[in-house]
$ cat start-v1.txt   # compact mmCIF, C-alpha atoms
# COMPACT_ATOMS: atom_id res chain seq x y z
CA MET A 226 0.00 0.00 0.00
CA ALA A 227 1.32 3.47 -0.91
CA THR A 228 1.07 6.23 1.67
CA TYR A 229 0.25 9.88 1.02
CA ASP A 230 3.88 10.86 1.77
CA GLU A 231 5.23 8.27 -0.68
CA ILE A 232 2.99 9.51 -3.48
CA PHE A 233 2.98 13.27 -2.89
CA GLY A 234 5.95 13.83 -0.56
CA SER A 235 5.73 15.41 2.85
CA GLY A 236 7.45 18.71 2.03
CA ALA A 237 6.60 21.71 -0.07
CA GLY A 238 6.62 21.13 -3.80
CA GLY A 239 5.94 17.42 -3.40
CA LYS A 240 9.48 16.73 -2.16
CA ASN A 241 10.23 14.56 0.81
CA TRP A 242 12.79 16.53 2.83
CA LEU A 243 15.50 14.98 4.97
CA ALA A 244 14.76 16.09 8.53
CA ILE A 245 17.92 16.50 10.60
CA LYS A 246 17.08 18.71 13.57
CA ASN A 247 18.87 17.40 16.63
CA GLU A 248 22.43 18.10 17.63
CA ASP A 249 24.73 15.12 17.03
CA GLU A 250 22.15 13.48 14.71
CA ARG A 251 23.72 11.44 11.90
CA VAL A 252 22.25 10.11 8.67
CA GLU A 253 23.72 7.75 6.10
CA ALA A 254 22.41 8.20 2.55
CA ILE A 255 23.08 7.18 -1.03
CA PHE A 256 23.85 10.08 -3.38
CA LEU A 257 21.46 10.22 -6.35
CA GLY A 258 22.28 13.68 -7.71
CA TYR A 259 22.06 17.39 -7.07
CA ASP A 260 20.52 20.57 -8.42
CA LYS A 261 21.01 24.30 -7.91
CA VAL A 262 17.74 25.84 -6.76
CA PRO A 263 16.73 29.43 -5.95
CA ASP A 264 17.58 30.56 -2.44
CA ARG A 265 14.39 31.89 -0.86
CA GLY A 266 13.85 34.54 1.79
CA GLN A 267 11.53 34.34 4.79
CA ASP A 268 8.74 35.63 2.55
CA GLY A 269 9.19 32.61 0.25
CA LYS A 270 10.32 34.78 -2.67
CA PRO A 271 13.64 34.18 -4.49
CA LYS A 272 16.63 36.08 -3.06
CA PHE A 273 19.00 38.21 -5.13
CA MET A 274 22.25 40.07 -4.56
CA VAL A 275 21.50 43.66 -5.52
CA GLN A 276 23.71 46.64 -6.29
CA VAL A 277 21.59 49.82 -6.36
CA GLU A 278 24.27 52.13 -7.81
CA GLU A 279 27.35 51.30 -9.87
CA GLY A 280 30.25 50.76 -7.47
CA GLY A 281 27.84 50.61 -4.53
CA GLU A 282 27.52 47.94 -1.85
CA TRP A 283 25.95 44.57 -2.76
CA LYS A 284 23.07 43.52 -0.47
CA PRO A 285 20.80 40.45 -0.39
CA LYS A 286 17.14 41.26 -1.10
CA SER A 287 13.96 39.36 -1.76
CA SER A 288 12.56 39.73 -5.28
CA ALA A 289 9.63 41.58 -3.66
CA GLU A 290 11.99 44.23 -2.21
CA PHE A 291 13.27 45.76 -5.47
CA LYS A 292 12.46 46.35 -9.13
CA GLU A 293 15.10 45.12 -11.55
CA SER A 294 14.68 48.26 -13.69
CA GLU A 295 15.55 50.47 -10.69
CA VAL A 296 18.90 48.89 -9.73
CA HIS A 297 22.31 48.89 -11.37
CA ALA A 298 22.85 45.11 -11.18
CA SER A 299 21.46 41.97 -9.58
CA PHE A 300 21.84 38.21 -9.70
CA GLN A 301 19.80 35.41 -8.19
CA LEU A 302 21.22 33.51 -5.21
CA LYS A 303 21.23 29.73 -5.51
CA GLN A 304 21.47 26.86 -3.04
CA ILE A 305 22.62 23.31 -3.63
CA GLU A 306 19.95 20.67 -3.14
CA LEU A 307 21.10 17.06 -2.78
CA LYS A 308 18.91 14.20 -3.94
CA LEU A 309 19.49 11.23 -1.62
CA GLU A 310 18.14 7.79 -0.85
CA VAL A 311 17.66 7.12 2.85
CA ASP A 312 16.33 3.71 3.91
CA GLY A 313 14.94 3.14 0.40
CA VAL A 314 13.13 6.51 0.26
CA VAL A 315 14.16 9.45 -1.97
CA LYS A 316 14.74 12.56 0.14
CA TYR A 317 16.09 16.04 -0.52
CA HIS A 318 18.59 18.02 1.55
CA THR A 319 19.27 21.72 0.89
CA LEU A 320 22.69 22.95 1.97
CA SER A 321 22.89 26.08 4.10
CA LYS A 322 26.05 28.20 3.74
CA THR A 323 27.87 26.36 6.55
CA ALA A 324 26.65 22.99 5.27
CA GLU A 325 27.82 23.95 1.76
CA ASP A 326 31.31 24.73 3.11
CA ALA A 327 31.44 21.39 4.95
CA PHE A 328 30.18 19.52 1.87
CA ARG A 329 32.81 21.27 -0.29
CA ASP A 330 35.51 20.05 2.13
CA ALA A 331 34.17 16.47 1.89
CA LEU A 332 34.12 16.71 -1.92
CA LYS A 333 37.76 17.82 -2.00
CA LYS A 334 38.78 15.04 0.39
CA ALA A 335 36.92 12.35 -1.60
CA GLY A 336 37.93 13.72 -5.00
CA GLY A 337 34.28 14.15 -6.03
CA VAL A 338 30.99 12.31 -5.71
CA ASN A 339 29.18 9.94 -8.06
CA GLU A 340 25.69 8.52 -8.12
CA GLY A 341 25.59 5.56 -5.75
CA ASP A 342 28.28 6.86 -3.39
CA THR A 343 27.46 6.86 0.32
CA ILE A 344 27.24 10.20 2.10
CA GLY A 345 27.39 10.57 5.86
CA ILE A 346 25.65 13.69 7.16
CA TRP A 347 26.24 14.86 10.71
CA LEU A 348 24.63 17.85 12.44
CA VAL A 349 27.50 18.63 14.79
CA SER A 350 26.13 21.60 16.73
CA THR A 351 22.96 23.65 17.04
CA ALA A 352 24.40 25.83 19.83
CA LYS A 353 24.41 28.91 17.59
CA LYS A 354 23.31 29.79 14.09
CA PRO A 355 24.53 29.00 11.56
CA TYR A 356 24.61 25.35 12.63
CA THR A 357 27.79 23.30 12.27
CA TRP A 358 27.72 20.36 9.83
CA LYS A 359 30.10 17.62 8.70
CA TYR A 360 29.87 15.39 5.65
CA MET A 361 31.77 12.30 4.60
CA ILE A 362 31.71 10.79 1.12
CA VAL A 363 32.52 7.11 0.67
CA PRO A 364 32.93 6.16 -3.01
CA GLN A 365 31.38 2.86 -4.09
CA ASP A 366 33.36 0.50 -6.30

$ encode --input "start-v1.txt" --output "structure tokens"
Amino acid sequence: MATYDEIFGSGAGGKNWLAIKNEDERVEAIFLGYDKVPDRGQDGKPKFMVQVEEGGEWKPKSSAEFKESEVHASFQLKQIELKLEVDGVVKYHTLSKTAEDAFRDALKKAGGVNEGDTIGIWLVSTAKKPYTWKYMIVPQD
């Protein structure tokens, strides 16, 4: 029997999100792929880096906070979203800035990641934001 979550996903957009919330929680997953998705603000709108005047300071803003025709330059901020298999279920995990840095370190150490490789995900600390993460990539032969 298929459950609602299996058919439609439990997260927004029909995706089943990997829930790692507790300090020292660890998850082992199989890497299925990745995508770069729009970073979203608290209002749910895509975030951009915006420069109002040429040579001016760059600031992050929600798409609702500015008009493209009224700024000098802007570009959309992206986040990396991992597609993983955890206990036979496809789940998604979006990397925060600190998680992205930790994942980059694991990628360098492993020499890359391929579909089918095992990824260890560890939420090291929730004592202060941004949280501290560690990743380990184990290539499969």

$ closest_residue --input "start-v1.txt" --among "A:Lys292, A:Lys272, A:Lys286, A:Lys316" --to "Lys240 (chain A)" --atoms "all atoms listed in the file"
A:Lys316

$ closest_atom_pairs --input "start-v1.txt" --of "region 291-340 of chain A" --to "region 241-264 of chain A" --cutoff "7 Å" --atoms "all atoms listed in the file" --output "tab-separated table"
residue	atom	partner	partner_atom	distance
A:Leu302	CA	A:Asp264	CA	5.4
A:Lys303	CA	A:Pro263	CA	4.5
A:Gln304	CA	A:Val262	CA	5.4
A:Ile305	CA	A:Lys261	CA	4.7
A:Glu306	CA	A:Asp260	CA	5.3
A:Leu307	CA	A:Tyr259	CA	4.4
A:Lys308	CA	A:Gly258	CA	5.1
A:Leu309	CA	A:Phe256	CA	4.8
A:Glu310	CA	A:Ile255	CA	5.0
A:Val311	CA	A:Ala254	CA	4.9
A:Lys316	CA	A:Asn241	CA	5.0
A:Tyr317	CA	A:Trp242	CA	4.7
A:His318	CA	A:Leu243	CA	5.5
A:Glu340	CA	A:Leu257	CA	4.9

$ residues_around --input "start-v1.txt" --residues "region 297-300 of chain A" --least-positions-apart "2" --cutoff "6 Å" --atoms "all atoms listed in the file" --output "list in words"
Phe273, Met274, Val275, Gln276, Val277, Glu278 and Glu279 of chain A

$ atom_distance --input "start-v1.txt" --atom1 "CA of Trp347 (chain A)" --atom2 "CA of Ala327 (chain A)"
10.1 Å

$ residues_around --input "start-v1.txt" --residues "Arg329 (chain A)" --least-positions-apart "2" --cutoff "12 Å" --atoms "all atoms listed in the file" --output "list in words"
Ile305, Leu320, Ser321, Lys322, Thr323, Ala324, Glu325, Asp326, Ala327, Ala331, Leu332, Lys333, Lys334, Ala335, Gly336, Gly337, Val338, Trp358, Lys359, Tyr360, Met361 and Ile362 of chain A

$ atom_distance --input "start-v1.txt" --atom1 "CA of Gly281 (chain A)" --atom2 "CA of Gln301 (chain A)"
17.6 Å

$ atom_distance --input "start-v1.txt" --atom1 "CA of Gln365 (chain A)" --atom2 "CA of Ile344 (chain A)"
10.5 Å
